[in-house]
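*Asks:* Just passing along the structure, written as structure tokens.
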Amino acid sequence: MSSHREVQAELAERKGLQIPASRVLVASDEEDPAWWADVRAQGWRAVDHAAARTEERLGRWYPAILDAAMLSLAHGFVGTEGSTYSAVSGRRVKSWADGAVRMLRWGFEGADNH
């Protein structure tokens with residue numbers, strides 16, 4: 001089962017929340033357009049800080065600050081193991097919303113098989 005589906009299943013079981021996968025917010029420093037195309041193909045959403053000119057209008061740190069604020073309001077979180085940003089966001093979701101959190105391993109095929 002994929003991590004986001006595990007989070008959905010845990011939220012349904014523990015809290016009775018039925019959150020569709022269409023309500024997924026992705027935040028990343030990834031720059032590969034193909035990667036982002038795959039995110040959009042899943043029906044997931046992301047803030048396009050370049051198009052919004054967030055840094056230009058508000059300052060260097062605002063893209064990360066805004067992403068962190070949005071992610072902290074989530075009921076579930078899937079992050080990348082070893083990422084400080086993911087660790088902080090995951091802890092906020094767990095602590096502030098008693099949310100479901102999963103961390104993905106990466107770097108080789110099958111890293112997340114359980």
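Quick note on naming: the chains in the structure tokens go A, B, ... in the order shown, residues restart at 1 in each chain, and ligands are numbered from 1 in order of appearance.
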What parts of chain A does DSSP call strand (DSSP E)? I'd like the answer as a ChimeraX atom specification.

*Replies:* /A:76-80,100-104

*Asks:* Next, dump the selected residues to file, keeping only N, CA and C atoms, as a short mmCIF file (atom, residue, chain, number, x, y, z; two decimals), in the first residue's frame.

*Replies:*
data_model
loop_
_atom_site.label_atom_id
_atom_site.label_comp_id
_atom_site.auth_asym_id
_atom_site.auth_seq_id
_atom_site.Cartn_x
_atom_site.Cartn_y
_atom_site.Cartn_z
N GLY A 76 -2.81 14.60 7.83
CA GLY A 76 -1.87 13.54 7.51
C GLY A 76 -0.67 14.12 6.80
N PHE A 77 0.45 13.41 6.91
CA PHE A 77 1.68 13.91 6.31
C PHE A 77 2.54 12.75 5.84
N VAL A 78 3.07 12.86 4.62
CA VAL A 78 4.05 11.92 4.11
C VAL A 78 5.28 12.73 3.75
N GLY A 79 6.39 12.42 4.38
CA GLY A 79 7.63 13.16 4.15
C GLY A 79 8.77 12.25 3.74
N THR A 80 9.94 12.83 3.63
CA THR A 80 11.13 12.10 3.23
C THR A 80 12.02 11.88 4.45
N ALA A 100 -1.78 11.43 11.17
CA ALA A 100 -1.05 10.24 10.73
C ALA A 100 0.17 10.69 9.93
N VAL A 101 1.32 10.10 10.22
CA VAL A 101 2.57 10.52 9.59
C VAL A 101 3.33 9.29 9.08
N ARG A 102 3.85 9.39 7.87
CA ARG A 102 4.73 8.37 7.31
C ARG A 102 5.94 9.07 6.71
N MET A 103 7.09 8.45 6.83
CA MET A 103 8.31 8.96 6.21
C MET A 103 8.79 7.96 5.17
N LEU A 104 9.03 8.46 3.97
CA LEU A 104 9.51 7.63 2.87
C LEU A 104 11.01 7.51 2.89
#

*Asks:* Just give me the gap between CA of Leu73 (chain A) and CA of Val93 (chain A) in Å, one decimal is fine.

*Replies:*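 Calculated distance between CA of Leu73 (chain A) and CA of Val93 (chain A) is 6.9 Å.
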
*Asks:* Nearest to Ser72 (chain A) among A:Ala97, A:Val26, A:Val39, A:Leu11, with distances taken over only C-alpha atoms: which residue is it?

*Replies:*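 Under the stated criterion, the closest residue is A:Ala97.
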
*Asks:* Smallest atom-to-atom distance to Ala69 (chain A): which of A:Trp35, A:Trp44, A:Trp106, A:Tyr85, using only C-alpha atoms?

*Replies:*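 The answer is A:Tyr85, which sits nearest to Ala69 (chain A).
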
*Asks:* Between A:Ala9, A:Ala41, A:Ile65, A:Leu58, which is the closest to Ala27 (chain A) once you count only C-alpha atoms?

*Replies:*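 Of A:Ala9, A:Ala41, A:Ile65, A:Leu58, the one nearest Ala27 (chain A) is A:Ile65, counting only C-alpha atoms.
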
*Asks:* Calculate how many Å separate CA of Pro20 (chain A) from CA of Gly99 (chain A), rounding to one decimal.

*Replies:*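 Computing the Euclidean distance for CA of Pro20 (chain A) and CA of Gly99 (chain A) yields 15.2 Å.
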
*Asks:* Please, what distance in Å, to one decimal, runs between CA of Ala51 (chain A) and CA of Ile19 (chain A)?

*Replies:*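 Going from CA of Ala51 (chain A) over to CA of Ile19 (chain A) covers 27.9 Å.
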
*Asks:* Would you mind listing what lies within 12 Å of Arg40 (chain A) as a VMD selection string, with only C-alpha atoms counted and same-chain residues fewer than 5 positions away left out?

*Replies:* chain A and resid 21 to 26 33 to 35 45 to 48

*Asks:* Could you please write out, as a PyMOL selection string, every residue of region 1-111 of chain A that DSSP assigns to alpha helix (DSSP H)?

*Replies:* chain A and resi 3-15+33-41+49-52+54-58+62-72+84-97
